[in-house]
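Chemist: File name input.txt; file contents compact mmCIF, C-alpha atoms and all ligand atoms; full text below.
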```txt
# COMPACT_ATOMS: atom_id res chain seq x y z
CA MET A 4 -24.20 -68.30 -91.54
CA THR A 5 -25.38 -71.70 -92.77
CA ILE A 6 -22.70 -74.31 -93.21
CA ALA A 7 -21.73 -74.95 -96.84
CA LEU A 8 -21.93 -78.45 -98.25
CA ASN A 9 -18.57 -80.21 -98.46
CA GLU A 10 -17.11 -83.63 -99.27
CA THR A 11 -18.56 -85.14 -96.03
CA HIS A 12 -22.11 -84.63 -97.39
CA ASP A 13 -21.48 -86.40 -100.72
CA ALA A 14 -24.42 -88.81 -101.07
CA SER A 15 -22.28 -91.30 -102.97
CA LEU A 16 -19.85 -91.87 -100.07
CA ARG A 17 -19.81 -95.45 -98.74
CA SER A 18 -18.23 -96.75 -95.56
CA TRP A 19 -16.29 -99.97 -95.07
CA VAL A 20 -18.67 -100.43 -92.09
CA THR A 21 -21.25 -102.14 -94.29
CA SER A 22 -24.24 -101.56 -91.96
CA ALA A 23 -23.82 -97.83 -92.68
CA ASN A 24 -24.68 -98.34 -96.36
CA ASP A 25 -28.16 -99.89 -96.36
CA GLY A 26 -30.04 -96.67 -97.08
CA ASN A 27 -32.30 -97.13 -94.04
CA THR A 28 -29.83 -96.71 -91.20
CA ASP A 29 -30.03 -93.50 -89.19
CA PHE A 30 -26.23 -93.42 -89.19
CA PRO A 31 -24.68 -93.46 -92.67
CA ILE A 32 -21.21 -91.95 -93.12
CA GLN A 33 -22.83 -88.59 -93.97
CA ASN A 34 -24.27 -88.29 -90.42
CA LEU A 35 -21.51 -89.01 -87.83
CA PRO A 36 -23.42 -87.89 -84.67
CA PHE A 37 -21.75 -87.73 -81.23
CA ALA A 38 -22.72 -89.44 -77.96
CA VAL A 39 -21.09 -90.46 -74.68
CA PHE A 40 -21.04 -94.20 -73.96
CA ARG A 41 -19.39 -97.18 -72.32
CA ARG A 42 -19.79 -100.96 -72.51
CA ALA A 43 -23.24 -101.86 -71.10
CA GLY A 44 -23.13 -102.99 -67.48
CA SER A 45 -19.44 -102.15 -67.13
CA SER A 46 -17.73 -99.72 -64.78
CA GLU A 47 -15.59 -98.33 -67.60
CA ALA A 48 -15.23 -94.57 -67.90
CA PHE A 49 -17.76 -92.94 -70.18
CA ARG A 50 -16.16 -91.45 -73.30
CA GLY A 51 -17.22 -89.83 -76.55
CA GLY A 52 -18.25 -91.92 -79.53
CA VAL A 53 -19.53 -91.47 -83.06
CA ALA A 54 -22.27 -93.60 -84.64
CA ILE A 55 -21.55 -95.39 -87.92
CA GLY A 56 -24.18 -97.91 -89.06
CA ASP A 57 -24.87 -100.22 -86.12
CA GLN A 58 -21.46 -99.51 -84.53
CA VAL A 59 -19.94 -96.87 -82.23
CA LEU A 60 -16.50 -95.51 -83.03
CA ASP A 61 -14.75 -95.18 -79.64
CA LEU A 62 -13.00 -91.78 -79.72
CA ALA A 63 -10.80 -92.60 -76.71
CA ALA A 64 -9.52 -95.70 -78.50
CA LEU A 65 -9.11 -93.75 -81.74
CA ARG A 66 -7.14 -91.07 -79.93
CA ALA A 67 -4.87 -93.71 -78.39
CA ALA A 68 -4.32 -95.25 -81.83
CA GLY A 69 -2.71 -91.96 -82.89
CA LEU A 70 -4.25 -91.84 -86.36
CA LEU A 71 -5.25 -88.16 -86.28
CA THR A 72 -3.12 -85.04 -86.63
CA GLY A 73 -3.58 -81.27 -86.27
CA ASP A 74 -6.97 -79.76 -85.37
CA ALA A 75 -8.67 -83.15 -85.69
CA ALA A 76 -6.33 -84.71 -83.10
CA GLY A 77 -7.02 -81.91 -80.61
CA ALA A 78 -10.76 -82.14 -81.24
CA CYS A 79 -10.72 -85.93 -80.81
CA ALA A 80 -8.90 -85.61 -77.47
CA ALA A 81 -11.63 -83.25 -76.21
CA ALA A 82 -14.46 -85.38 -77.62
CA ALA A 83 -13.03 -88.50 -75.97
CA LYS A 84 -13.71 -87.12 -72.45
CA PRO A 85 -16.63 -88.29 -70.24
CA SER A 86 -18.68 -85.29 -71.33
CA LEU A 87 -18.61 -83.30 -74.56
CA ASN A 88 -18.48 -79.81 -72.99
CA ASP A 89 -14.81 -79.17 -73.80
CA PHE A 90 -15.30 -80.35 -77.39
CA MET A 91 -18.42 -78.17 -77.70
CA ALA A 92 -16.44 -75.18 -76.40
CA MET A 93 -13.81 -75.56 -79.16
CA GLY A 94 -16.13 -74.25 -81.86
CA SER A 95 -17.03 -75.03 -85.41
CA THR A 96 -13.50 -75.18 -86.88
CA ALA A 97 -12.60 -78.03 -84.51
CA TRP A 98 -15.99 -79.78 -84.97
CA SER A 99 -15.57 -79.66 -88.75
CA ALA A 100 -11.96 -80.82 -88.68
CA LEU A 101 -12.89 -83.93 -86.67
CA ARG A 102 -15.91 -84.67 -88.87
CA LEU A 103 -13.77 -84.50 -92.02
CA ALA A 104 -11.05 -86.72 -90.53
CA LEU A 105 -13.60 -89.32 -89.35
CA SER A 106 -15.34 -89.28 -92.73
CA ARG A 107 -12.01 -90.02 -94.46
CA LEU A 108 -11.08 -92.79 -91.99
CA LEU A 109 -14.44 -94.53 -92.36
CA ARG A 110 -14.71 -94.40 -96.17
CA VAL A 111 -14.32 -97.40 -98.40
CA GLY A 112 -10.66 -97.57 -99.34
CA ALA A 113 -9.29 -95.85 -96.19
CA ALA A 114 -5.71 -97.04 -95.66
CA GLN A 115 -6.23 -97.14 -91.85
CA GLU A 116 -9.30 -99.44 -91.97
CA ALA A 117 -7.79 -102.20 -89.83
CA SER A 118 -6.64 -99.79 -87.10
CA VAL A 119 -10.02 -98.00 -87.00
CA GLN A 120 -11.90 -101.32 -87.06
CA ALA A 121 -10.24 -102.12 -83.71
CA CYS A 122 -11.92 -98.98 -82.24
CA LEU A 123 -15.51 -100.08 -83.06
CA LEU A 124 -18.10 -101.52 -80.65
CA ALA A 125 -21.59 -102.74 -81.53
CA GLN A 126 -24.29 -100.26 -80.47
CA ARG A 127 -26.27 -103.14 -78.96
CA ASP A 128 -23.42 -103.70 -76.46
CA VAL A 129 -23.15 -100.15 -75.11
CA GLU A 130 -25.00 -97.82 -72.72
CA TYR A 131 -25.14 -94.05 -72.91
CA SER A 132 -25.07 -91.10 -70.55
CA VAL A 133 -26.33 -87.56 -71.03
CA PRO A 134 -23.66 -86.35 -73.49
CA ALA A 135 -22.71 -83.10 -71.75
CA LYS A 136 -23.02 -81.45 -68.35
CA ILE A 137 -26.06 -79.25 -68.87
CA GLY A 138 -25.63 -76.01 -66.96
CA ASP A 139 -28.97 -74.55 -67.97
CA TYR A 140 -32.01 -75.82 -69.80
CA THR A 141 -34.56 -73.55 -71.51
CA ASP A 142 -37.75 -74.88 -73.12
CA PHE A 143 -39.22 -72.80 -75.95
CA PHE A 144 -42.78 -72.85 -77.35
CA THR A 145 -42.07 -72.37 -81.04
CA SER A 146 -44.91 -74.24 -82.75
CA ILE A 147 -47.75 -71.82 -83.33
CA HIS A 148 -49.99 -74.85 -83.95
CA HIS A 149 -49.22 -76.23 -80.47
CA ALA A 150 -49.66 -72.80 -78.92
CA THR A 151 -53.04 -72.42 -80.67
CA ASN A 152 -54.26 -75.98 -79.96
CA VAL A 153 -53.44 -75.68 -76.27
CA GLY A 154 -54.67 -72.08 -76.05
CA LYS A 155 -58.06 -73.19 -77.47
CA LEU A 156 -58.51 -75.62 -74.60
CA PHE A 157 -58.09 -72.85 -72.05
CA ARG A 158 -59.36 -69.82 -73.98
CA PRO A 159 -61.67 -70.86 -76.85
CA ASP A 160 -62.29 -67.25 -77.91
CA ASN A 161 -58.70 -66.07 -77.68
CA PRO A 162 -56.36 -69.04 -78.18
CA LEU A 163 -53.18 -67.23 -79.14
CA LEU A 164 -51.89 -64.60 -76.71
CA PRO A 165 -50.89 -61.27 -78.33
CA ASN A 166 -47.16 -61.63 -77.55
CA TYR A 167 -46.78 -64.93 -79.41
CA LYS A 168 -45.99 -63.51 -82.86
CA TRP A 169 -43.41 -61.08 -81.46
CA VAL A 170 -41.57 -63.04 -78.76
CA PRO A 171 -39.95 -66.50 -79.00
CA ILE A 172 -41.71 -67.61 -75.77
CA ALA A 173 -39.83 -69.89 -73.34
CA TYR A 174 -39.39 -70.75 -69.66
CA HIS A 175 -36.26 -71.71 -67.79
CA GLY A 176 -36.49 -75.45 -67.06
CA ARG A 177 -34.73 -77.97 -64.85
CA ALA A 178 -31.38 -79.43 -66.00
CA SER A 179 -30.73 -81.95 -63.19
CA SER A 180 -33.56 -84.32 -64.18
CA ILE A 181 -32.68 -84.58 -67.88
CA GLY A 182 -31.94 -88.24 -68.58
CA VAL A 183 -30.96 -90.32 -71.55
CA SER A 184 -33.04 -92.73 -73.63
CA GLY A 185 -33.82 -96.05 -71.96
CA GLU A 186 -34.81 -94.57 -68.61
CA SER A 187 -37.89 -95.27 -66.50
CA LEU A 188 -39.63 -92.43 -64.69
CA HIS A 189 -41.98 -92.57 -61.74
CA ARG A 190 -45.36 -91.00 -62.29
CA PRO A 191 -45.10 -87.66 -60.50
CA VAL A 192 -47.18 -86.76 -57.46
CA GLY A 193 -48.40 -83.22 -57.05
CA GLN A 194 -51.16 -80.80 -56.15
CA VAL A 195 -54.21 -81.10 -58.35
CA CYS A 196 -57.34 -78.96 -58.16
CA GLY A 197 -60.18 -80.18 -60.36
CA ALA A 198 -62.71 -78.00 -62.15
CA GLY A 199 -65.19 -76.59 -59.65
CA GLN A 200 -62.97 -77.52 -56.67
CA THR A 201 -61.51 -74.90 -54.39
CA VAL A 202 -59.17 -77.10 -52.31
CA PRO A 203 -56.42 -79.10 -54.04
CA VAL A 204 -55.57 -82.73 -53.33
CA VAL A 205 -52.10 -84.31 -53.44
CA GLN A 206 -52.09 -87.36 -55.68
CA PRO A 207 -50.26 -89.10 -58.54
CA SER A 208 -50.86 -87.20 -61.79
CA ARG A 209 -53.78 -88.60 -63.80
CA ARG A 210 -53.04 -86.51 -66.87
CA LEU A 211 -49.45 -87.46 -67.62
CA ASP A 212 -48.34 -86.51 -71.14
CA PHE A 213 -45.35 -86.42 -73.48
CA GLU A 214 -44.18 -83.57 -75.71
CA LEU A 215 -42.43 -84.32 -79.01
CA GLU A 216 -39.58 -81.80 -79.24
CA LEU A 217 -36.07 -81.35 -80.53
CA GLY A 218 -33.21 -80.47 -78.18
CA ILE A 219 -30.75 -77.78 -79.29
CA TRP A 220 -27.22 -78.09 -77.85
CA ILE A 221 -25.23 -74.88 -77.41
CA GLY A 222 -21.58 -75.28 -78.40
CA THR A 223 -19.75 -72.01 -77.85
CA GLY A 224 -21.30 -69.52 -75.46
CA ASN A 225 -21.08 -65.75 -74.95
CA ALA A 226 -19.76 -63.54 -72.19
CA GLN A 227 -22.39 -62.03 -69.91
CA GLY A 228 -23.35 -58.62 -71.26
CA LYS A 229 -22.44 -59.54 -74.86
CA ARG A 230 -25.34 -60.66 -77.04
CA ILE A 231 -25.15 -63.18 -79.89
CA LYS A 232 -26.32 -61.63 -83.16
CA VAL A 233 -28.89 -63.62 -85.11
CA ALA A 234 -26.57 -63.69 -88.14
CA ASP A 235 -23.82 -65.33 -86.04
CA ALA A 236 -26.06 -67.50 -83.89
CA GLU A 237 -25.77 -70.82 -85.70
CA ALA A 238 -22.01 -70.92 -85.31
CA HIS A 239 -22.70 -71.22 -81.55
CA VAL A 240 -24.94 -74.29 -81.96
CA PHE A 241 -23.33 -77.73 -81.84
CA GLY A 242 -26.27 -79.88 -82.90
CA LEU A 243 -29.73 -81.29 -82.25
CA CYS A 244 -31.21 -84.30 -80.46
CA LEU A 245 -34.69 -85.64 -79.63
CA LEU A 246 -36.33 -84.36 -76.46
CA ASN A 247 -39.41 -85.61 -74.62
CA ASP A 248 -40.68 -82.97 -72.21
CA TRP A 249 -42.84 -85.15 -69.92
CA SER A 250 -45.69 -83.03 -68.57
CA ALA A 251 -48.23 -83.54 -65.77
CA ARG A 252 -51.16 -81.60 -67.19
CA ASP A 253 -53.31 -81.66 -64.03
CA VAL A 254 -50.43 -80.32 -61.94
CA GLN A 255 -49.69 -77.77 -64.67
CA ALA A 256 -53.29 -76.51 -64.82
CA TRP A 257 -53.30 -75.67 -61.11
CA GLU A 258 -49.78 -74.24 -60.77
CA TYR A 259 -49.02 -72.44 -64.06
CA GLN A 260 -50.46 -69.04 -63.26
CA PRO A 261 -48.82 -66.60 -62.81
CA LEU A 262 -45.23 -67.82 -63.32
CA GLY A 263 -45.52 -70.74 -65.75
CA PRO A 264 -44.50 -74.43 -65.61
CA PHE A 265 -42.77 -75.69 -62.46
CA LEU A 266 -43.40 -79.14 -60.92
CA ALA A 267 -45.48 -80.20 -63.93
CA LYS A 268 -42.21 -80.42 -65.88
CA ASN A 269 -39.33 -80.82 -63.39
CA PHE A 270 -39.53 -84.57 -62.65
CA GLY A 271 -37.90 -85.67 -65.90
CA THR A 272 -37.00 -84.92 -69.50
CA THR A 273 -35.75 -87.72 -71.75
CA ILE A 274 -33.32 -87.05 -74.60
CA SER A 275 -31.77 -89.23 -77.30
CA PRO A 276 -28.09 -90.06 -76.74
CA TRP A 277 -26.92 -88.97 -80.21
CA ILE A 278 -26.34 -85.32 -81.14
CA VAL A 279 -26.70 -84.74 -84.89
CA THR A 280 -24.39 -81.85 -85.72
CA MET A 281 -25.51 -78.70 -87.52
CA GLU A 282 -22.97 -79.61 -90.19
CA ALA A 283 -24.67 -82.97 -90.81
CA LEU A 284 -28.00 -81.12 -91.15
CA ALA A 285 -26.67 -78.71 -93.80
CA PRO A 286 -28.30 -80.51 -96.79
CA PHE A 287 -31.75 -80.25 -95.18
CA ARG A 288 -32.03 -76.51 -94.68
CA ALA A 289 -35.17 -74.72 -95.85
CA PRO A 290 -36.26 -71.10 -96.20
CA PHE A 291 -37.87 -69.47 -93.17
CA THR A 292 -41.33 -68.15 -93.96
CA ARG A 293 -43.60 -65.69 -92.21
CA ALA A 294 -47.04 -64.75 -93.50
CA ALA A 295 -47.13 -61.16 -94.77
CA SER A 296 -50.19 -60.58 -92.56
CA ASP A 297 -48.19 -61.53 -89.42
CA PRO A 298 -45.80 -59.18 -87.58
CA GLN A 299 -42.36 -59.44 -89.16
CA PRO A 300 -39.38 -60.34 -86.93
CA LEU A 301 -37.92 -57.38 -85.01
CA HIS A 302 -34.45 -56.28 -86.15
CA TYR A 303 -32.46 -58.39 -83.69
CA LEU A 304 -34.33 -61.49 -84.94
CA ASP A 305 -33.91 -60.65 -88.61
CA ALA A 306 -31.04 -61.34 -91.04
CA PRO A 307 -30.86 -62.44 -94.70
CA ALA A 308 -29.60 -65.89 -93.73
CA VAL A 309 -32.67 -66.46 -91.52
CA TRP A 310 -34.90 -66.09 -94.58
CA GLN A 311 -32.65 -68.03 -96.96
CA SER A 312 -32.13 -71.16 -94.86
CA GLY A 313 -33.20 -70.63 -91.26
CA SER A 314 -35.57 -73.62 -91.12
CA ILE A 315 -34.57 -77.30 -91.06
CA ASP A 316 -36.62 -80.07 -92.69
CA ILE A 317 -36.62 -82.79 -90.00
CA GLN A 318 -39.46 -85.29 -89.90
CA LEU A 319 -40.51 -86.10 -86.32
CA ASP A 320 -42.38 -89.19 -85.10
CA VAL A 321 -43.82 -90.26 -81.76
CA LEU A 322 -44.88 -93.82 -80.97
CA LEU A 323 -46.55 -95.44 -77.96
CA GLU A 324 -45.67 -98.89 -76.61
CA THR A 325 -48.04 -100.21 -73.95
CA GLU A 326 -47.37 -103.09 -71.53
CA LYS A 327 -49.85 -105.15 -73.58
CA MET A 328 -47.96 -104.47 -76.83
CA ARG A 329 -44.67 -105.50 -75.18
CA ALA A 330 -46.20 -108.71 -73.82
CA ALA A 331 -47.62 -109.57 -77.27
CA LYS A 332 -44.34 -108.56 -78.97
CA GLN A 333 -46.28 -106.05 -81.07
CA SER A 334 -44.42 -103.06 -82.41
CA ALA A 335 -45.06 -99.64 -80.94
CA GLN A 336 -47.96 -97.69 -82.41
CA PRO A 337 -47.36 -94.40 -84.24
CA LEU A 338 -49.35 -91.56 -82.62
CA ALA A 339 -48.25 -88.49 -84.55
CA ARG A 340 -45.89 -87.27 -87.26
CA SER A 341 -44.71 -83.70 -87.63
CA ASN A 342 -41.81 -81.63 -88.96
CA PHE A 343 -39.42 -79.05 -87.52
CA VAL A 344 -40.21 -76.72 -90.45
CA GLU A 345 -43.41 -75.95 -88.51
CA SER A 346 -41.36 -73.95 -86.00
CA TYR A 347 -42.52 -70.32 -85.93
CA TRP A 348 -39.00 -69.27 -84.87
CA THR A 349 -35.63 -70.55 -86.11
CA VAL A 350 -32.79 -71.94 -84.00
CA SER A 351 -30.82 -68.76 -84.71
CA GLN A 352 -33.73 -66.59 -83.52
CA MET A 353 -33.99 -68.62 -80.28
CA VAL A 354 -30.27 -68.05 -79.60
CA ALA A 355 -30.43 -64.33 -80.47
CA HIS A 356 -33.54 -63.82 -78.35
CA HIS A 357 -32.09 -65.71 -75.35
CA THR A 358 -29.03 -63.45 -75.32
CA VAL A 359 -30.54 -60.06 -76.29
CA THR A 360 -30.49 -59.09 -72.60
CA GLY A 361 -26.82 -60.07 -72.31
CA CYS A 362 -27.68 -63.44 -70.74
CA ASN A 363 -24.65 -65.72 -71.12
CA LEU A 364 -24.99 -69.14 -72.74
CA GLN A 365 -22.41 -71.80 -71.94
CA PRO A 366 -21.11 -74.92 -73.74
CA GLY A 367 -23.55 -77.76 -73.03
CA ASP A 368 -26.60 -75.58 -72.39
CA LEU A 369 -29.72 -77.16 -73.83
CA PHE A 370 -32.84 -75.64 -75.40
CA GLY A 371 -36.07 -77.50 -76.09
CA SER A 372 -37.85 -76.42 -79.28
CA GLY A 373 -41.29 -76.69 -77.73
CA THR A 374 -43.90 -79.26 -78.71
CA MET A 375 -43.54 -79.38 -82.48
CA SER A 376 -47.15 -79.81 -83.59
CA GLY A 377 -48.08 -79.14 -87.20
CA PRO A 378 -51.31 -77.86 -88.76
CA THR A 379 -53.04 -81.25 -89.24
CA ASP A 380 -54.76 -83.63 -86.80
CA GLU A 381 -52.02 -86.22 -87.47
CA SER A 382 -49.32 -83.77 -86.44
CA ARG A 383 -50.57 -82.99 -82.93
CA ALA A 384 -47.44 -83.70 -80.89
CA SER A 385 -48.86 -84.27 -77.38
CA LEU A 386 -51.73 -86.32 -75.91
CA LEU A 387 -53.31 -83.09 -74.63
CA GLU A 388 -53.80 -82.12 -78.28
CA LEU A 389 -54.44 -85.62 -79.71
CA THR A 390 -57.26 -86.26 -77.22
CA VAL A 391 -58.52 -82.64 -77.15
CA GLY A 392 -57.75 -82.18 -73.48
CA GLY A 393 -58.67 -85.78 -72.62
CA LYS A 394 -62.17 -85.53 -74.12
CA GLU A 395 -61.58 -87.76 -77.18
CA PRO A 396 -59.76 -91.00 -76.22
CA ILE A 397 -57.50 -92.70 -78.76
CA THR A 398 -58.20 -96.36 -79.56
CA LEU A 399 -55.02 -98.40 -80.06
CA ALA A 400 -54.50 -101.47 -82.26
CA THR A 401 -54.63 -103.65 -79.12
CA GLY A 402 -58.15 -102.36 -78.41
CA GLU A 403 -56.83 -100.35 -75.46
CA THR A 404 -57.77 -96.70 -75.19
CA ARG A 405 -55.77 -93.76 -73.92
CA THR A 406 -56.45 -90.20 -72.94
CA PHE A 407 -53.18 -89.77 -71.04
CA LEU A 408 -50.28 -92.14 -70.23
CA GLU A 409 -50.80 -95.25 -68.08
CA ASP A 410 -48.16 -96.94 -65.93
CA GLY A 411 -46.05 -99.22 -68.13
CA ASP A 412 -46.47 -97.04 -71.22
CA ALA A 413 -43.28 -96.19 -73.11
CA VAL A 414 -43.01 -93.17 -75.40
CA ILE A 415 -40.60 -93.39 -78.32
CA LEU A 416 -39.47 -90.35 -80.30
CA ARG A 417 -37.70 -90.65 -83.66
CA ALA A 418 -36.60 -88.20 -86.35
CA HIS A 419 -34.96 -88.27 -89.74
CA CYS A 420 -34.08 -86.09 -92.72
CA GLU A 421 -34.65 -87.17 -96.30
CA LYS A 422 -34.12 -85.31 -99.55
CA VAL A 423 -33.39 -86.19 -103.16
CA GLY A 424 -29.65 -85.94 -103.76
CA ALA A 425 -28.71 -86.33 -100.08
CA ALA A 426 -28.13 -89.37 -97.88
CA ARG A 427 -30.97 -90.05 -95.43
CA ILE A 428 -29.84 -89.36 -91.85
CA GLY A 429 -31.63 -90.04 -88.56
CA PHE A 430 -31.48 -89.25 -84.86
CA GLY A 431 -31.80 -92.74 -83.34
CA GLU A 432 -34.48 -92.62 -80.66
CA SER A 433 -35.56 -91.36 -77.28
CA TYR A 434 -37.26 -94.13 -75.26
CA GLY A 435 -38.76 -93.46 -71.84
CA ARG A 436 -41.15 -95.55 -69.77
CA ILE A 437 -43.56 -94.56 -67.01
CA VAL A 438 -43.60 -96.64 -63.83
CA PRO A 439 -45.95 -96.26 -60.86
CA ALA A 440 -45.77 -93.28 -58.53
CA ILE A 441 -43.79 -93.54 -55.30
CA ASP A 442 -46.15 -93.46 -52.30
CA LEU A 443 -45.93 -90.13 -50.47
CA THR A 444 -46.11 -91.67 -47.00
MN MN B 501 -42.19 -78.42 -73.68
```
Just give me the structure as structure tokens.
Ligand code: MN

Modeler:
Amino acid sequence: MTIALNETHDASLRSWVTSANDGNTDFPIQNLPFAVFRRAGSSEAFRGGVAIGDQVLDLAALRAAGLLTGDAAGACAAAAKPSLNDFMAMGSTAWSALRLALSRLLRVGAAQEASVQACLLAQRDVEYSVPAKIGDYTDFFTSIHHATNVGKLFRPDNPLLPNYKWVPIAYHGRASSIGVSGESLHRPVGQVCGAGQTVPVVQPSRRLDFELELGIWIGTGNAQGKRIKVADAEAHVFGLCLLNDWSARDVQAWEYQPLGPFLAKNFGTTISPWIVTMEALAPFRAPFTRAASDPQPLHYLDAPAVWQSGSIDIQLDVLLETEKMRAAKQSAQPLARSNFVESYWTVSQMVAHHTVTGCNLQPGDLFGSGTMSGPTDESRASLLELTVGGKEPITLATGETRTFLEDGDAVILRAHCEKVGAARIGFGESYGRIVPAIDLT
């Protein structure tokens, strides 16, 4: 099930794009993530691109240059389109063929260096769009630490509901308002009903929060009525990105019973432009663990490969940049650091669970992992948790304090993978900024 290591993962590979070789870049030649881009401020067509160092390899230009043959040429033609859905639908043989061809073209010593060089643009000169048309978006809840931390705020005696250890819990979210890094979002307005109140008021949210999550992009789908087996599930997944599930906690508290999140989550979700492929993540796989005292996964969520390598070691970071920090040219302040190995369920289990009913996934569908909090105070991956429901404000380096987000605040998500014997790879970032609410009148 898990992708085997191959020549594209070789940690000793170097690119003739020298910025890819500094050891700190998110985008060495071993990564090769996909995005959709165009020149910033232009009316050019969006097209697929691959990150290498501080450059973007323009796949439409590369296709036109005619340097690729066979499966890689077909894959490049699909990946050069204004959205990646057709490329995602081609499946892992095509994804792998293009990755291998790009790795060979970008290596030191490649005979085609000059021709490929002509297909590069600086990342600082481009803008991105959401990389695929997202038909459906599902947000999971797979950190047991987040589920427990949040549950404690509402139910101190019974924080974790009895279904949690059996069911990969999720809700169906809103795809239309998913936007790409760099966006500004208006503070949402909604119904809020404070403690002890019986009549709600309509007002801008005062408890606006982020959630540090990973996004999981479905590549190949399944026909309705046919489930995806857990052992086969990863072959259906194209790759991962960063995902900030903005959340209006005061709206959520009033509306969430009995059917779950609705307007508290539908006003915006910000993702990183780059999709790191499952193949690029192959060196960073880790065993899945489940305490012997916990219920073991039911049969449709269980397979040898889940236990061997179902988890992925991805370090996750969230930073806050206030208006005051921007004005003083101070760097953003780290708020929390966590890791995707904290997930109680694997990517393959999420896919298998989603389709056990026969629900059909489609190329370009997106899952959120759920807020990926870890077991420590430093790994609480939302303000709701970091401030204990708004009761313990955070003091920032500027002397400012925060319980929830203020207008002008920007939230930055980052992630990377690091391991001895492998090249460090990263996800770039998801940057989103909150601007004042639009008046209802
Ligand atoms: Mn979420």

Chemist: Gly185 of chain A: which residues within 8 Å, counting all atoms listed in the file, same-chain residues fewer than 3 positions away excluded, as number ranges by chain?

Modeler: A: 433-436

Chemist: With distances taken over all atoms listed in the file, which residue among A:Tyr259, A:Phe37, A:Phe370, A:Trp220 lies nearest ligand MN 501 (chain B)?

Modeler: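 Among the listed residues, A:Phe370 lies closest to ligand MN 501 (chain B).
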
Chemist: From the list A:Arg158, A:His175, A:Lys232, A:Arg110, which residue is nearest ligand MN 501 (chain B) when using only C-alpha atoms and all ligand atoms?

Modeler: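 So, comparing all the options, the nearest one is A:His175.
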
Chemist: Give me the residues within 10 Å of segment 117-122 of chain A as a PyMOL selection string, counting all atoms listed in the file and dropping any in the same chain fewer than 2 places off.

Modeler: chain A and resi 19-20+52+58-70+105+108-109+113-115+124

Chemist: Neighbouring residues of ligand MN 501 (chain B) are defined here as those with any atom at most 9 Å from a ligand atom, counting only C-alpha atoms and all ligand atoms; list them as a list in words.

Modeler: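 Those residues are Asp142, Phe143, Phe144, Ala173, Phe213, Glu214, Leu215, Glu216, Leu246, Asn247, Asp248, Trp249, Ser250, Lys268, Gly371, Ser372, Gly373, Thr374 and Met375 of chain A.
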
Chemist: In Å to one decimal, how far is atom CA of Arg288 of chain A from atom CA of Gly176 of chain A?

Modeler: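 Pair atom CA of Gly176 of chain A / atom CA of Arg288 of chain A returns 28.0 Å.
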
Chemist: In terms of the shortest atom-to-atom distance over all atoms listed in the file, which of A:Asp139, A:Glu395, A:Glu421, A:Asp442 is closest to Asp368 of chain A?

Modeler: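 For Asp368 of chain A, the nearest of the candidates is A:Asp139.
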
Chemist: Quick one: everything within 7 Å of segment 97-101 of chain A, counting all atoms listed in the file, minus sequence neighbours fewer than 2 positions away in the same chain. Send it as a list in words.

Modeler: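 Here the answer would be Asp74, Ala75, Ala78, Cys79, Met93, Gly94, Ser95, Leu103, Ala104 and Leu105 of chain A.
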
Chemist: Just give me the gap between atom CA of Asp89 of chain A and atom CA of Glu186 of chain A in Å, one decimal is fine.

Modeler: 25.8 Å

Chemist: Pick from A:Leu443, A:Ile397, A:Ala82, A:Ile415: nearest to Ser334 of chain A, with only C-alpha atoms counted?

Modeler: A:Ile415

Chemist: Calculate how many Å separate atom CA of Arg210 of chain A from atom CA of Val195 of chain A, rounding to one decimal.

Modeler: 10.2 Å

Chemist: Can you pull out the residues contacting Phe287 of chain A? Cut-off 8 Å, using only C-alpha atoms, and skip same-chain residues under 3 positions away; I want them as a list of chain:residue names.

Modeler: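 Within the cut-off, the hits are A:Leu284, A:Ile315, A:Asp316, A:Ile317, A:Cys420, A:Glu421, A:Lys422.
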
Chemist: For the contact check between segment 128-246 of chain A and segment 384-388 of chain A, emit one row per residue of segment 128-246 of chain A within 12 Å, containing the shortest atom pair and the distance in Å rounded to one decimal, counting all atoms listed in the file, chain then rising number order, as a tab-separated table.

Modeler:
```
residue	atom	partner	partner_atom	distance
A:Ser146	CA	A:Ala384	CA	10.0
A:His148	CA	A:Ala384	CA	9.7
A:His149	CA	A:Ala384	CA	7.7
A:Ala150	CA	A:Glu388	CA	10.2
A:Thr151	CA	A:Glu388	CA	10.0
A:Asn152	CA	A:Glu388	CA	6.4
A:Val153	CA	A:Glu388	CA	6.8
A:Gly154	CA	A:Glu388	CA	10.3
A:Lys155	CA	A:Glu388	CA	9.9
A:Leu156	CA	A:Glu388	CA	8.8
A:Phe157	CA	A:Leu387	CA	11.6
A:Arg210	CA	A:Leu387	CA	8.5
A:Leu211	CA	A:Leu386	CA	8.7
A:Asp212	CA	A:Leu386	CA	5.9
A:Phe213	CA	A:Ser385	CA	5.7
A:Glu214	CA	A:Ser385	CA	5.0
A:Leu215	CA	A:Ala384	CA	5.4
A:Glu216	CA	A:Ala384	CA	8.3
A:Leu217	CA	A:Ala384	CA	11.6
A:Leu246	CA	A:Ala384	CA	12.0
```

Chemist: Once you count all atoms listed in the file, which residues end up no further than 9 Å from (-31.1, -72.6, -91.5) in the file's frame, shown as a list in words?

Modeler: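 Protein and nucleic acid residues near the point are Met4, Thr5, Ile6, Glu237, Ala285, Phe287, Arg288, Ala289, Pro290, Phe291, Ala308, Val309, Trp310, Gln311, Ser312, Gly313, Ser314, Ile315, Thr349, Val350 and Ser351 of chain A.
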
Chemist: Taking only C-alpha atoms into account, which of A:Leu16, A:Ala295, A:Leu301, A:Cys244 comes nearest His356 of chain A?

Modeler: A:Leu301

Chemist: With distances taken over all atoms listed in the file, which residue among A:Arg102, A:Lys136, A:Lys229, A:His189 lies nearest Leu364 of chain A?

Modeler: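 Smallest separation from Leu364 of chain A among the options: A:Lys229.
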